[in-house]
Amino acid sequence: MDGLEDGISELIVRTGLKDRSAFDRLYAATSPKLFGICLRVLNDRGEAEDALQEIYVRIWMKAHLFAVSAHSPIAWLAAIARNHCIDRLRARKAPSRPVEEVVDLADEAPGPERLAVAASEGRRIDACMEELEEARAEAVRSAYVMGYSYDELAERHGVPLNTMRTWLRRSLMKLKECLER
Amino acid sequence: MNGADEHRMDDGGDALLAAEYVLGVLPAEARKDVAARIEADAGFRALVGEWERTLSPLNADYAHVPPPASAKAAIDRRLFAAATASSRKPSLWNSLAFWRGLAVAALASLAVIFILPFFVEPEPGPARYVAAMQADASPVRYVALYQAGTGSIDLTRLAGEPAAGRDFELWLIEGGNAPRSLGLLPDSGPARITLPPSLASRLSGGATLAISDEPVGGSPTGAPTGAVLALGELRGI
């Protein structure tokens, strides 16, 4: 895992030095993950492809800002992808997601990667998630993974907006406390 | 409906606002405000980075889906078509790459006019190369002059200096090789670095110089560990 992370870090640094062959290899190594993010958040294949293009254009232009000492490479790339996709989602006039579509992440079997990550860092966040009430943990996880807004979360959980905001804020603080123990 | 102000006023302040941004729950206008703050405020940027790391294990929920092959071709067209097209098409006036190139050339010719006379004997001799070094969102600007005859690189700082407790480290990138450290740059005044002959002989094929932000004493790993603050391609003059 560390070896893989180091390899991705090096490719980002060299992309920051405008090395096109490093950029090509970075794309080959990371685009399935980032495309997975686009598809999940945008839920529209055509828009996900447009988003992916924009994301790698940004990665090429921002790679020189990446600091190996300060960033985890995958977290850095995933943040660029998620931010762009969520901005697109928020810019939509009407939600193209059917409201009745229920994605129950709690029932989804963990994929091989989730199991692998659970062996290290992921196990801590999963353990900390279990300390939260189930509905709140589900709200945090689906907000992050699906890109739901406060409004959508309030509607899905049938609680007022302010209640949802308070739930999430308390949950985030608890999560942070738990992870820092 | 909700501006960033409303979110900031509530209890919890910046740490919560950063968490809400990373989680992704804020409405469009609030996200714009927070994104502008991330650009402008290094302390807040660090808070956001901390939350990105904290929540990043949740990225494991995303499946890996290979994108269609057409996606990479479209990215390359967007990023690199201007550079290749400007050499083919006559519409230089409309070419962003041309104007960028012109800005670099202007900086390089300034270097030739003001800096070259201090270093270079007037008679025609071995090849000389100049690199105008800069990067987006970085205040650091250097000009480098490489003289193939002596294998020396002279660097003059035009703007920017290392943060307290940090050093500037110079890197050479040639061919497909990993960046090679050429050492730390002095805090003030011009710098001269002499390349070993084995390295100097390889530079005629084109090379890039870069400066990265490193801990005092330079990169502990032998590769750049901090942000790239300036870079520029050596061009023959």
# chains A, B, ... in the order shown; residues from 1 in each chain; ligands from 1
$ closest_atom_pairs --of "chain B" --to "chain A" --cutoff "6 Å" --atoms "only C-alpha atoms" --output "tab-separated table"
residue	atom	partner	partner_atom	distance
B:Leu23	CA	A:Tyr144	CA	4.9
B:Gly24	CA	A:Gly147	CA	5.7
B:Val25	CA	A:Ser149	CA	4.1
B:Ala28	CA	A:Arg90	CA	5.2
B:Ser56	CA	A:Ala75	CA	5.7
B:Pro57	CA	A:Gly122	CA	5.0
B:Ala60	CA	A:Arg114	CA	4.9
B:Tyr62	CA	A:Gly36	CA	5.7
B:Ala63	CA	A:Gly36	CA	5.2
B:His64	CA	A:Lys33	CA	4.6
B:Val65	CA	A:Pro32	CA	4.5
B:Pro66	CA	A:Pro32	CA	4.3
B:Ile75	CA	A:Gln53	CA	5.4
B:Thr225	CA	A:Val68	CA	4.7
B:Gly226	CA	A:Ala67	CA	4.2
B:Ala227	CA	A:Leu65	CA	4.7
B:Val228	CA	A:His64	CA	4.8
$ closest_residue --among "B:Gly149, B:Pro162, B:Gly217, B:Pro27" --to "Thr194 in chain B" --atoms "only C-alpha atoms"
B:Gly149
$ atom_distance --atom1 "CA of Ala200 in chain B" --atom2 "CA of Leu170 in chain B"
15.5 Å
$ residues_around --residues "Leu155 in chain B" --least-positions-apart "2" --cutoff "8 Å" --atoms "only C-alpha atoms" --output "PyMOL selection string"
chain B and resi 142-145+153+157+190-192
$ residues_around --residues "range 232-234 of chain B" --least-positions-apart "5" --cutoff "12 Å" --atoms "only C-alpha atoms" --output "NGL selection string"
(:A and (16-19)) or (:B and (101 or 104-105 or 107-108 or 127-136 or 140-148 or 153 or 170-174 or 203-211))
$ closest_residue --among "A:Pro73, A:Gly7, A:Gly46, A:Gly158" --to "Ile59 in chain A" --atoms "only C-alpha atoms"
A:Pro73
